[in-house]
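A.B. asks: My file is target_21.txt. It has compact mmCIF, C-alpha atoms and all ligand atoms:
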# COMPACT_ATOMS: atom_id res chain seq x y z
CA MET A 246 0.00 0.00 0.00
CA ALA A 247 1.45 3.34 -1.05
CA LYS A 248 1.91 5.50 2.04
CA LYS A 249 0.87 9.09 2.50
CA LYS A 250 -0.08 8.57 6.14
CA ASN A 251 -0.52 11.68 8.31
CA LYS A 252 -0.35 13.98 5.29
CA LYS A 253 -1.69 17.50 5.19
CA PHE A 254 -3.30 18.70 1.97
CA ILE A 255 -4.17 22.41 1.92
CA ASN A 256 -5.89 24.21 -0.98
CA LYS A 257 -5.15 21.29 -3.30
CA ASN A 258 -6.97 20.41 -6.50
CA PHE A 259 -7.04 16.70 -7.25
CA ILE A 260 -8.51 15.88 -10.64
CA ARG A 261 -8.25 12.31 -12.01
CA LYS A 262 -5.91 11.48 -9.15
CA ASN A 263 -5.19 7.82 -8.42
CA PHE A 264 -5.18 6.98 -4.68
CA TRP A 265 -5.94 3.27 -5.25
CA GLU A 266 -4.69 1.24 -2.23
CA THR A 267 -3.02 4.33 -0.72
CA ASP A 268 -2.62 4.63 3.03
CA LEU A 269 -4.05 8.06 3.79
CA SER A 270 -4.94 7.29 7.39
CA GLN A 271 -4.96 10.23 9.81
CA SER A 272 -4.50 12.68 6.94
CA GLU A 273 -5.98 16.15 6.80
CA PHE A 274 -7.57 17.75 3.76
CA TYR A 275 -8.26 21.51 4.00
CA ASN A 276 -10.07 23.46 1.28
CA THR A 277 -9.27 20.64 -1.09
CA LYS A 278 -11.19 19.79 -4.25
CA VAL A 279 -11.28 16.16 -5.32
CA HIS A 280 -12.88 15.52 -8.72
CA LYS A 281 -13.11 12.36 -10.84
CA SER A 282 -10.59 10.54 -8.67
CA VAL A 283 -10.12 6.97 -7.45
CA PHE A 284 -9.75 5.98 -3.78
CA THR A 285 -10.58 2.27 -4.16
CA ASP A 286 -9.14 0.22 -1.25
CA ALA A 287 -7.54 3.35 0.21
CA ASN A 288 -7.19 3.64 3.98
CA LEU A 289 -8.69 6.95 5.08
CA ARG A 290 -9.10 5.88 8.69
CA ASN A 291 -9.42 8.82 11.11
CA SER A 292 -8.80 11.40 8.38
CA ILE A 293 -10.38 14.84 8.34
CA PHE A 294 -11.92 16.68 5.38
CA LYS A 295 -12.41 20.36 6.27
CA ASN A 296 -14.27 22.70 3.87
CA SER A 297 -13.43 20.37 1.03
CA GLU A 298 -15.45 18.84 -1.79
CA ILE A 299 -15.39 15.33 -3.22
CA VAL A 300 -17.25 15.13 -6.51
CA ASN A 301 -17.77 12.30 -9.06
CA THR A 302 -15.28 10.16 -7.19
CA ASN A 303 -14.84 6.42 -6.67
CA LEU A 304 -14.51 5.54 -2.97
CA THR A 305 -15.40 1.84 -3.32
CA HIS A 306 -13.94 -0.52 -0.69
CA THR A 307 -12.41 2.44 1.12
CA ASP A 308 -11.85 2.35 4.87
CA LEU A 309 -13.80 5.35 6.16
CA ARG A 310 -13.85 4.44 9.82
CA GLY A 311 -13.46 7.55 11.98
CA VAL A 312 -13.38 9.99 9.03
CA ASP A 313 -14.74 13.49 9.63
CA PHE A 314 -16.59 14.81 6.56
CA ARG A 315 -18.87 17.20 8.49
CA THR A 316 -17.83 20.47 6.86
CA SER A 317 -17.30 19.03 3.40
CA LYS A 318 -19.48 18.24 0.39
CA LEU A 319 -19.88 14.74 -1.05
CA VAL A 320 -21.49 14.88 -4.49
CA ASN A 321 -22.11 11.89 -6.73
CA VAL A 322 -19.64 9.68 -4.89
CA ASN A 323 -19.52 5.89 -5.21
CA LEU A 324 -19.25 4.33 -1.72
CA ARG A 325 -19.95 0.70 -2.73
CA ASP A 326 -18.59 -1.55 0.03
CA ALA A 327 -16.75 1.32 1.74
CA VAL A 328 -16.68 0.69 5.51
CA PHE A 329 -17.68 3.25 8.14
CA ASN A 330 -18.37 3.15 11.88
CA ASN A 331 -20.12 5.22 14.52
CA LYS A 332 -17.11 7.52 14.65
CA THR A 333 -17.44 8.43 10.96
CA LEU A 334 -18.98 11.90 10.81
CA TRP A 335 -20.97 12.71 7.66
CA PRO A 336 -22.22 16.02 6.21
CA LYS A 337 -25.72 16.99 7.35
CA ASN A 338 -28.50 14.82 5.86
CA PHE A 339 -26.02 12.56 4.05
CA ASN A 340 -26.97 8.88 4.08
CA PRO A 341 -23.87 6.75 3.29
CA ILE A 342 -25.90 3.52 2.97
CA LYS A 343 -27.76 5.07 0.04
CA TYR A 344 -24.41 5.37 -1.72
CA GLY A 345 -23.46 1.74 -1.01
CA ALA A 346 -21.37 2.04 2.17
CA ILE A 347 -21.45 -0.70 4.86
CA GLU A 348 -21.43 -0.22 8.61
CA SER A 349 -18.45 -1.99 10.16
CA LYS A 350 -20.70 -4.22 12.32
CA ASN A 351 -22.27 -5.66 9.12
CA PHE A 352 -18.97 -6.02 7.36
CA ASN A 353 -17.50 -9.41 6.43
CA PRO A 354 -13.75 -8.84 6.66
CA PHE A 355 -12.91 -11.75 4.37
CA SER A 356 -14.89 -10.22 1.53
CA TYR A 357 -12.50 -7.31 1.77
CA LYS A 358 -9.59 -7.77 -0.56
CA ARG A 359 -6.27 -7.59 1.15
CA LYS A 360 -3.02 -6.94 -0.57
CA LEU A 361 -1.07 -10.18 -0.62
CA ALA A 362 2.64 -10.19 0.10
CA TYR A 363 4.41 -11.94 -2.71
CA LYS A 364 7.74 -12.51 -4.41
CA THR A 365 8.38 -13.18 -8.07
CA VAL A 366 9.48 -16.62 -9.13
CA LYS A 367 11.51 -16.12 -12.24
CA SER A 368 12.11 -19.39 -13.98
CA LEU A 369 9.75 -22.26 -13.75
CA SER A 370 10.05 -23.67 -17.21
CA LEU A 371 10.27 -27.38 -17.87
CA LYS A 372 13.34 -28.48 -19.73
CA GLU A 373 11.43 -31.56 -20.73
CA ILE A 374 9.03 -29.64 -22.89
CA ASP A 375 11.71 -28.36 -25.22
CA PHE A 376 10.72 -31.25 -27.45
CA TYR A 377 7.58 -29.36 -28.29
CA LYS A 378 9.52 -26.52 -29.84
CA ASN A 379 12.02 -28.73 -31.63
CA LYS A 380 10.54 -30.95 -34.23
CA ILE A 381 11.25 -34.50 -33.14
CA LYS A 382 10.09 -37.90 -34.26
CA LYS A 383 6.61 -39.07 -33.32
CA LYS A 384 7.85 -42.12 -31.44
CA GLU A 385 10.03 -40.02 -29.18
CA ARG A 386 7.14 -37.65 -28.63
CA LEU A 387 4.95 -40.48 -27.43
CA SER A 388 7.46 -41.67 -24.89
CA LYS A 389 8.05 -38.11 -23.73
CA ASN A 390 4.30 -37.67 -23.32
CA SER A 391 4.13 -40.32 -20.64
CA GLU A 392 7.02 -38.53 -18.94
CA PHE A 393 4.92 -35.35 -18.93
CA ASP A 394 1.96 -37.18 -17.51
CA LYS A 395 4.11 -38.28 -14.62
CA LYS A 396 5.50 -34.81 -14.09
CA ILE A 397 2.07 -33.12 -14.24
CA ILE A 398 0.50 -35.74 -11.96
CA TYR A 399 3.35 -35.47 -9.47
CA GLU A 400 3.27 -31.65 -9.29
CA LEU A 401 -0.52 -31.47 -8.98
CA THR A 402 -0.67 -34.05 -6.19
CA LYS A 403 2.55 -34.44 -4.22
CA GLY A 404 4.47 -31.47 -5.62
CA LYS A 405 3.94 -27.71 -5.77
CA GLY A 406 0.30 -27.90 -6.81
CA TYR A 407 0.96 -26.46 -10.24
CA ILE A 408 3.18 -26.78 -13.25
CA ILE A 409 4.11 -24.27 -15.93
CA ILE A 410 4.60 -25.09 -19.56
CA LYS A 411 6.02 -22.06 -21.22
CA ASP A 412 5.86 -21.45 -24.97
CA PHE A 413 3.28 -24.17 -25.34
CA TYR A 414 1.53 -22.39 -28.17
CA LYS A 415 3.37 -21.04 -31.18
CA LYS A 416 3.51 -17.27 -31.63
CA ASP A 417 1.13 -17.06 -34.60
CA PHE A 418 -1.39 -19.27 -32.83
CA ILE A 419 -1.47 -17.32 -29.58
CA ASN A 420 -1.40 -13.97 -31.40
CA LYS A 421 -4.55 -15.03 -33.22
CA ALA A 422 -6.31 -15.96 -29.97
CA GLU A 423 -5.23 -12.68 -28.36
CA LYS A 424 -6.43 -10.69 -31.35
CA ILE A 425 -9.88 -12.33 -31.26
CA ILE A 426 -10.31 -11.58 -27.57
CA ASN A 427 -9.08 -8.00 -28.04
CA LYS A 428 -11.61 -7.52 -30.80
CA LYS A 429 -14.45 -8.93 -28.70
CA LEU A 430 -13.39 -6.73 -25.81
CA LYS A 431 -13.20 -3.48 -27.74
CA LYS A 432 -16.61 -4.20 -29.25
CA SER A 433 -18.30 -4.95 -25.93
CA LYS A 434 -20.53 -2.46 -24.19
CA ASN A 435 -18.89 -3.35 -20.91
CA TYR A 436 -15.49 -2.25 -22.20
CA LYS A 437 -16.83 1.17 -23.05
CA LYS A 438 -18.33 1.34 -19.59
CA ALA A 439 -15.02 0.27 -18.04
CA THR A 440 -12.96 2.90 -19.77
CA ILE A 441 -15.24 5.87 -20.37
CA ASN A 442 -14.69 7.65 -17.04
CA TYR A 443 -11.46 7.76 -15.09
CA GLU A 444 -13.31 7.25 -11.81
CA VAL A 445 -15.42 4.30 -13.02
CA ASP A 446 -16.16 1.60 -10.43
CA LYS A 447 -13.47 -1.09 -10.76
CA ILE A 448 -16.20 -3.72 -10.76
CA ASN A 449 -16.56 -2.88 -14.47
CA LYS A 450 -12.91 -3.55 -15.21
CA SER A 451 -13.15 -7.36 -15.02
CA ILE A 452 -14.88 -8.68 -18.14
CA ASN A 453 -15.42 -12.37 -18.96
CA PHE A 454 -16.36 -13.95 -22.29
CA PHE A 455 -18.08 -17.34 -22.15
CA ASP A 456 -19.10 -17.92 -25.78
CA LEU A 457 -15.62 -18.91 -26.90
CA LEU A 458 -16.47 -22.22 -28.59
CA ASN A 459 -18.92 -20.51 -30.93
CA THR A 460 -16.50 -17.67 -31.59
CA ASP A 461 -13.60 -19.40 -33.33
CA GLY A 462 -12.21 -22.91 -33.82
CA ILE A 463 -9.01 -21.88 -32.08
CA PHE A 464 -10.82 -22.08 -28.74
CA THR A 465 -11.95 -25.66 -29.48
CA LYS A 466 -8.25 -26.52 -29.66
CA MET A 467 -7.36 -24.56 -26.56
CA ILE A 468 -9.94 -26.28 -24.36
CA GLN A 469 -8.17 -29.61 -24.95
CA PRO A 470 -4.38 -29.23 -24.96
CA LYS A 471 -3.18 -32.83 -25.37
CA ILE A 472 -0.40 -32.62 -22.83
CA ALA A 473 -2.85 -31.83 -20.03
CA MET A 474 -5.77 -33.96 -21.24
CA SER A 475 -3.66 -37.06 -21.02
CA ALA A 476 -2.66 -36.38 -17.38
CA PHE A 477 -6.22 -35.31 -16.46
CA LYS A 478 -7.56 -38.69 -17.64
CA LYS A 479 -5.37 -40.30 -15.03
CA LEU A 480 -6.19 -37.78 -12.32
CA MET A 481 -9.96 -37.48 -12.82
CA GLY A 482 -11.02 -40.55 -14.79
CA GLU A 483 -11.30 -41.32 -18.50
CA ASN A 484 -14.52 -39.33 -18.97
CA PHE A 485 -13.57 -36.15 -17.17
CA ILE A 486 -15.40 -33.05 -18.33
CA CYS A 487 -14.93 -29.30 -18.64
CA THR A 488 -17.19 -27.35 -16.30
CA TYR A 489 -15.97 -23.82 -16.88
CA TYR A 490 -14.39 -22.07 -19.85
CA SER A 491 -13.94 -18.37 -20.28
CA ALA A 492 -11.61 -15.58 -21.32
CA GLN A 493 -11.07 -13.44 -18.26
CA CYS A 494 -10.07 -9.93 -19.20
CA SER A 495 -8.62 -7.68 -16.53
CA ILE A 496 -8.68 -4.16 -17.88
CA ALA A 497 -5.86 -1.79 -16.87
CA GLY A 498 -6.68 -0.72 -13.33
CA SER A 499 -8.81 -3.77 -12.47
CA ARG A 500 -8.93 -4.73 -8.81
CA GLY A 501 -8.04 -8.43 -8.71
CA GLN A 502 -9.65 -11.25 -6.76
CA SER A 503 -9.80 -12.27 -3.11
CA LEU A 504 -7.68 -15.25 -2.14
CA HIS A 505 -9.65 -18.40 -2.89
CA LEU A 506 -9.62 -21.95 -4.18
CA ASP A 507 -11.92 -23.57 -6.74
CA TYR A 508 -12.54 -27.09 -5.51
CA PRO A 509 -14.45 -28.37 -7.26
CA TYR A 510 -15.98 -24.91 -7.73
CA VAL A 511 -15.44 -21.50 -6.25
CA SER A 512 -18.96 -21.64 -4.75
CA TYR A 513 -18.32 -22.86 -1.21
CA ASN A 514 -15.67 -20.89 0.50
CA ASN A 515 -16.19 -19.91 4.10
CA PRO A 516 -12.85 -18.92 5.57
CA GLY A 517 -11.19 -21.84 7.38
CA ASP A 518 -13.73 -24.42 6.09
CA LYS A 519 -12.13 -27.79 5.78
CA ILE A 520 -12.37 -29.97 2.68
CA PRO A 521 -14.16 -33.20 3.74
CA ILE A 522 -11.89 -35.98 4.98
CA GLY A 523 -10.22 -37.84 2.16
CA MET A 524 -11.36 -35.47 -0.57
CA GLY A 525 -8.30 -34.36 -2.49
CA SER A 526 -5.97 -36.18 -0.11
CA ASN A 527 -4.91 -38.80 -2.59
CA ASP A 528 -4.08 -38.76 -6.28
CA PHE A 529 -7.72 -38.74 -7.41
CA LEU A 530 -8.61 -35.10 -7.93
CA LEU A 531 -12.03 -33.48 -8.12
CA SER A 532 -10.85 -30.50 -10.07
CA CYS A 533 -7.92 -29.30 -12.15
CA GLY A 534 -7.52 -26.08 -14.06
CA ILE A 535 -5.61 -24.61 -16.96
CA LEU A 536 -4.76 -20.94 -17.28
CA THR A 537 -3.50 -19.93 -20.70
CA TYR A 538 -1.70 -16.62 -20.96
CA LEU A 539 -2.92 -14.66 -23.97
CA ASN A 540 -0.58 -11.71 -23.59
CA ASP A 541 2.78 -10.83 -22.16
CA SER A 542 2.79 -9.30 -18.75
CA ASP A 543 5.09 -6.83 -17.06
CA LYS A 544 5.68 -5.90 -13.42
CA LYS A 545 2.40 -4.02 -13.10
CA ASN A 546 0.29 -6.32 -15.17
CA HIS A 547 0.76 -9.93 -14.18
CA GLY A 548 -1.47 -12.93 -13.69
CA PRO A 549 -2.44 -14.72 -10.50
CA ILE A 550 -0.67 -14.95 -7.17
CA LEU A 551 -0.36 -18.44 -5.66
CA LEU A 552 0.71 -20.17 -2.49
CA LYS A 553 3.00 -23.02 -3.40
CA GLY A 554 1.96 -26.30 -1.80
CA SER A 555 -1.30 -24.92 -0.35
CA HIS A 556 -3.30 -27.69 -2.08
CA LYS A 557 -2.03 -29.93 0.71
CA PHE A 558 -3.77 -27.84 3.42
CA ARG A 559 -7.18 -28.95 2.07
CA ARG A 560 -9.02 -26.02 3.60
CA PHE A 561 -10.19 -22.55 2.69
CA PRO A 562 -7.84 -19.69 3.63
CA THR A 563 -8.52 -17.31 6.52
CA ILE A 564 -7.51 -13.69 7.04
CA GLU A 565 -4.64 -14.89 9.27
CA ASP A 566 -3.38 -17.02 6.37
CA VAL A 567 -3.35 -13.97 4.12
CA LYS A 568 -1.04 -12.20 6.59
CA LYS A 569 1.06 -15.24 7.44
CA TYR A 570 2.18 -16.63 4.10
CA LYS A 571 4.40 -15.30 1.37
CA PHE A 572 2.69 -15.82 -1.96
CA ILE A 573 4.39 -16.11 -5.30
CA LYS A 574 3.81 -14.38 -8.57
CA VAL A 575 4.66 -16.81 -11.33
CA LYS A 576 6.07 -15.55 -14.57
CA VAL A 577 4.32 -17.21 -17.46
CA PRO A 578 5.08 -15.78 -20.89
CA LYS A 579 2.44 -15.29 -23.58
CA GLY A 580 1.47 -18.66 -25.03
CA GLY A 581 2.34 -20.49 -21.82
CA MET A 582 0.04 -22.55 -19.63
CA LEU A 583 -0.28 -22.90 -15.90
CA ILE A 584 -1.82 -26.27 -15.04
CA LEU A 585 -3.03 -26.46 -11.47
CA ASN A 586 -4.72 -28.46 -8.77
CA THR A 587 -7.56 -26.05 -7.95
CA LEU A 588 -7.25 -26.88 -4.26
CA MET A 589 -4.31 -24.49 -4.35
CA TRP A 590 -4.89 -21.03 -2.88
CA HIS A 591 -4.73 -18.31 -5.50
CA ALA A 592 -6.02 -14.89 -6.49
CA GLY A 593 -6.07 -12.90 -9.70
CA ALA A 594 -3.73 -9.97 -9.01
CA PRO A 595 -4.77 -6.36 -9.50
CA ASN A 596 -3.72 -4.89 -12.84
CA TYR A 597 -1.77 -1.79 -11.85
CA SER A 598 -0.90 -0.91 -15.43
CA GLU A 599 -2.37 2.31 -16.77
CA LYS A 600 -2.70 1.06 -20.31
CA LYS A 601 -2.17 -2.68 -20.66
CA ASP A 602 -5.13 -5.03 -20.32
CA ARG A 603 -4.53 -8.66 -19.32
CA HIS A 604 -6.27 -11.68 -20.85
CA LEU A 605 -6.27 -15.19 -19.48
CA LEU A 606 -8.10 -18.21 -20.76
CA VAL A 607 -9.44 -20.11 -17.77
CA ALA A 608 -10.70 -23.70 -17.96
CA HIS A 609 -11.77 -25.99 -15.11
CA TYR A 610 -12.15 -29.75 -15.43
CA THR A 611 -13.77 -32.28 -13.09
CA PRO A 612 -14.69 -35.98 -13.06
CA SER A 613 -17.88 -36.61 -15.02
CA PHE A 614 -20.07 -37.13 -11.94
CA VAL A 615 -19.55 -33.59 -10.66
CA LYS A 616 -22.52 -31.37 -11.42
CA LEU A 617 -22.01 -28.89 -14.23
CA ARG A 618 -21.30 -25.29 -13.42
CA MET A 619 -21.94 -23.99 -16.92
CA ASN A 620 -24.17 -25.56 -19.56
CA LEU A 621 -21.42 -25.66 -22.16
CA LYS A 622 -23.09 -28.31 -24.30
CA GLY A 623 -26.38 -26.45 -24.44
CA THR A 624 -24.73 -23.20 -25.47
CA THR A 625 -22.30 -24.59 -28.05
CA LYS A 626 -23.45 -24.93 -31.66
CA LYS A 627 -23.78 -28.58 -32.79
CA ASN A 628 -21.56 -28.09 -35.83
CA VAL A 629 -18.69 -26.98 -33.55
CA ILE A 630 -18.90 -30.30 -31.68
CA LEU A 631 -19.28 -32.34 -34.89
CA LYS A 632 -16.31 -30.65 -36.55
CA ASP A 633 -14.15 -31.43 -33.52
CA LYS A 634 -15.29 -35.06 -33.56
CA LYS A 635 -14.19 -35.42 -37.16
CA GLU A 636 -10.78 -34.13 -36.14
CA ASN A 637 -10.59 -36.73 -33.32
CA GLY A 638 -10.99 -34.10 -30.61
CA ILE A 639 -12.66 -34.75 -27.25
CA LEU A 640 -14.91 -31.68 -27.16
CA ASP A 641 -18.07 -33.81 -27.04
CA GLN A 642 -16.76 -35.61 -23.97
CA LEU A 643 -15.63 -32.39 -22.33
CA LEU A 644 -19.03 -30.71 -22.69
CA THR A 645 -21.12 -33.71 -21.63
FE FE B 1 -9.86 -19.17 -9.17
Is it possible to express this structure as structure tokens?
C.D. replies:
Amino acid sequence: MAKKKNKKFINKNFIRKNFWETDLSQSEFYNTKVHKSVFTDANLRNSIFKNSEIVNTNLTHTDLRGVDFRTSKLVNVNLRDAVFNNKTLWPKNFNPIKYGAIESKNFNPFSYKRKLAYKTVKSLSLKEIDFYKNKIKKKERLSKNSEFDKKIIYELTKGKGYIIIKDFYKKDFINKAEKIINKKLKKSKNYKKATINYEVDKINKSINFFDLLNTDGIFTKMIQPKIAMSAFKKLMGENFICTYYSAQCSIAGSRGQSLHLDYPYVSYNNPGDKIPIGMGSNDFLLSCGILTYLNDSDKKNHGPILLKGSHKFRRFPTIEDVKKYKFIKVKVPKGGMLILNTLMWHAGAPNYSEKKDRHLLVAHYTPSFVKLRMNLKGTTKKNVILKDKKENGILDQLLT
């Protein structure tokens, strides 16, 4: 969190100012004008606003406990999920609940995103996959494939909980996929909404596309990368299925996710809840995932944060866990895949970039007896499935 703690701002004009995640606790604002600015996740605890005005500004998820706004004006502010208490003093006749704020006694602290401490892990490539880049004989490829199965199965069960295969897709192939998603994004109404105003609620900056299979044949290929499908058969049974498939676009400035696990879905996740005895404790998994990186990332604009080995805890993380553990930010280049045991704790990181959007293809797979999360078969055109069948793909199985 950027620190400006105990600051004094006098006669300042802040227009389109970014205070996202800034620690402004115990600060004082005198005769200050704040217009079209962003305070998302900022800590304003016990700050004072004297004779100031805050107009058209995003204060979502802001900590407003003990703030004194009494002599200031709040006009067209967005207070969605901002927290206040009985020591927060508002201007006369101002009702914070009307603007989306939550009283601290009704506030679920785990729903509040906390900044995760993390370090970057630089090289996690597999030497063994070099064969994919170099053209080698089919026979050798087959024997190597069983080696990969072993490696993937080991890492997802007894190992780190994930494995990275960098440069899995060739440049032209991944460029095409990226281009299609970019096009869809720029065309979407939500994108316009997400970028039209500087102070827009960050909730609009995470955009998902679910109709991939009907969009282009490239996504039929990307839902079934052979290297992973082969290992998944062994981990989740011959007839394992795909329960979730989407392109998750995190627009520049998007807020990121709370720490979570998706086992077998993201749907049950009370902090500290334990996974039932035996479930996920052996090599039979109820859910695996693949994240495919559609663009290159930089320091400000990277993919998810993970906790190595956390799939072995077999429970949902608590707030204490968030403070206790050092998470890692894995570097996966464009065209690479992160294959994971979804019992592992992870969170999509905020996109701090001012310009660069981030696109990830996310797919979740489960054994065939797990109830579907998305009706992929019902929403995919029949000819897409038939075409894949003719090409010996397993799309029909995956969507069943
Ligand atoms: Fe997730």
A.B. asks: My list of candidates is A:Asp633, A:Asp518, A:Asp507, A:Asp543. Which is closest to ligand FE 1 (chain B) when distances are computed with all atoms listed in the file?
C.D. replies: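 Checking each of A:Asp633, A:Asp518, A:Asp507, A:Asp543 against ligand FE 1 (chain B), counting all atoms listed in the file, the winner is A:Asp507.
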A.B. asks: Given a cut-off of 10 Å, what residues near ligand FE 1 (chain B) show up using all atoms listed in the file, put as a PyMOL selection string?
C.D. replies: chain A and resi 502-508+510-511+534+536+549+587-593+607-609
A.B. asks: Atom CA of Phe274 of chain A to atom CA of Ile342 of chain A: how many Å, to one decimal?
C.D. replies: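 These atoms are spaced 23.2 Å apart.
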A.B. asks: Just the number, please: distance in Å from atom CA of Asn323 of chain A to atom CA of Lys447 of chain A, one decimal.
C.D. replies: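 Atom CA of Asn323 of chain A sits 10.8 Å away from atom CA of Lys447 of chain A.
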A.B. asks: Have a look at A:Asp541, A:Asp308, A:Glu298, A:Glu392 and name the one nearest to Asp268 of chain A; count all atoms listed in the file.
C.D. replies: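 That would be A:Asp308, the residue with the smallest distance to Asp268 of chain A.
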A.B. asks: Mind checking which residues fall within 9 Å of Glu423 of chain A, counting only C-alpha atoms, ignoring those fewer than 5 positions away in the same chain, and posting them as a list in words?
C.D. replies: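 The filter keeps Phe418, Lys428, Leu539, Asn540 and His604 of chain A.
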A.B. asks: Report the distance between atom CA of Cys494 of chain A and atom CA of Thr402 of chain A in Å, rounded to one decimal place.
C.D. replies: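 Taking atom CA of Cys494 of chain A as the start and atom CA of Thr402 of chain A as the end point, the length is 29.0 Å.
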A.B. asks: Please define a box with edges along x, y and z of the file around all atoms of segment 457-474 of chain A given in the file, extend it by 6 Å on each side, and return its centre and edge lengths in Å to one decimal, as lines of an AutoDock Vina configuration file.
C.D. replies:
center_x = -9.7
center_y = -25.8
center_z = -26.9
size_x = 30.5
size_y = 28.3
size_z = 25.8
A.B. asks: Using all atoms listed in the file, which residue out of A:Val312, A:Ala422, A:Leu457, A:Ile398 lies closest to Lys478 of chain A?
C.D. replies: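 Counting all atoms listed in the file, the residue closest to Lys478 of chain A is A:Ile398.
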A.B. asks: Find the residues around Asn620 of chain A up to 12 Å (only C-alpha atoms counted), leave out those fewer than 3 positions away in its own chain, and share them as a count of residues only.
C.D. replies: 15
A.B. asks: Go through A:Ala492, A:Leu531, A:Ile426, A:Leu324 one by one, measure the shortest atom-to-atom distance of each to Phe477 of chain A using all atoms listed in the file, and give the residue with the smallest value.
C.D. replies: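 For Phe477 of chain A, the nearest of the candidates is A:Leu531.
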A.B. asks: Determine the nearest neighbour of Ile408 of chain A from the options A:Phe314, A:Phe294, A:Tyr344, A:Phe393, counting only C-alpha atoms.
C.D. replies: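 Nearest to Ile408 of chain A: A:Phe393.
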A.B. asks: Just checking: using all atoms listed in the file, which residue out of A:Asn321, A:Ser475, A:Ser499, A:Thr285 ends up closest to Pro595 of chain A?
C.D. replies: A:Ser499
A.B. asks: From (-18.2, -6.1, -24.4), in the file's coordinates, out to 12 Å: which residues are reached, counting only C-alpha atoms? Answer as a PDB file with C-alpha atoms, in the coordinates of the input.
C.D. replies:
ATOM      1  CA  ILE A 426     -10.310 -11.580 -27.570  1.00  0.00           C
ATOM      2  CA  ASN A 427      -9.080  -8.000 -28.040  1.00  0.00           C
ATOM      3  CA  LYS A 428     -11.610  -7.520 -30.800  1.00  0.00           C
ATOM      4  CA  LYS A 429     -14.450  -8.930 -28.700  1.00  0.00           C
ATOM      5  CA  LEU A 430     -13.390  -6.730 -25.810  1.00  0.00           C
ATOM      6  CA  LYS A 431     -13.200  -3.480 -27.740  1.00  0.00           C
ATOM      7  CA  LYS A 432     -16.610  -4.200 -29.250  1.00  0.00           C
ATOM      8  CA  SER A 433     -18.300  -4.950 -25.930  1.00  0.00           C
ATOM      9  CA  LYS A 434     -20.530  -2.460 -24.190  1.00  0.00           C
ATOM     10  CA  ASN A 435     -18.890  -3.350 -20.910  1.00  0.00           C
ATOM     11  CA  TYR A 436     -15.490  -2.250 -22.200  1.00  0.00           C
ATOM     12  CA  LYS A 437     -16.830   1.170 -23.050  1.00  0.00           C
ATOM     13  CA  LYS A 438     -18.330   1.340 -19.590  1.00  0.00           C
ATOM     14  CA  ALA A 439     -15.020   0.270 -18.040  1.00  0.00           C
ATOM     15  CA  THR A 440     -12.960   2.900 -19.770  1.00  0.00           C
ATOM     16  CA  ASN A 449     -16.560  -2.880 -14.470  1.00  0.00           C
ATOM     17  CA  LYS A 450     -12.910  -3.550 -15.210  1.00  0.00           C
ATOM     18  CA  SER A 451     -13.150  -7.360 -15.020  1.00  0.00           C
ATOM     19  CA  ILE A 452     -14.880  -8.680 -18.140  1.00  0.00           C
ATOM     20  CA  ASN A 453     -15.420 -12.370 -18.960  1.00  0.00           C
ATOM     21  CA  PHE A 454     -16.360 -13.950 -22.290  1.00  0.00           C
ATOM     22  CA  PHE A 455     -18.080 -17.340 -22.150  1.00  0.00           C
ATOM     23  CA  ASP A 456     -19.100 -17.920 -25.780  1.00  0.00           C
ATOM     24  CA  ALA A 492     -11.610 -15.580 -21.320  1.00  0.00           C
ATOM     25  CA  GLN A 493     -11.070 -13.440 -18.260  1.00  0.00           C
ATOM     26  CA  CYS A 494     -10.070  -9.930 -19.200  1.00  0.00           C
ATOM     27  CA  ILE A 496      -8.680  -4.160 -17.880  1.00  0.00           C
TER      28      ILE A 496
END
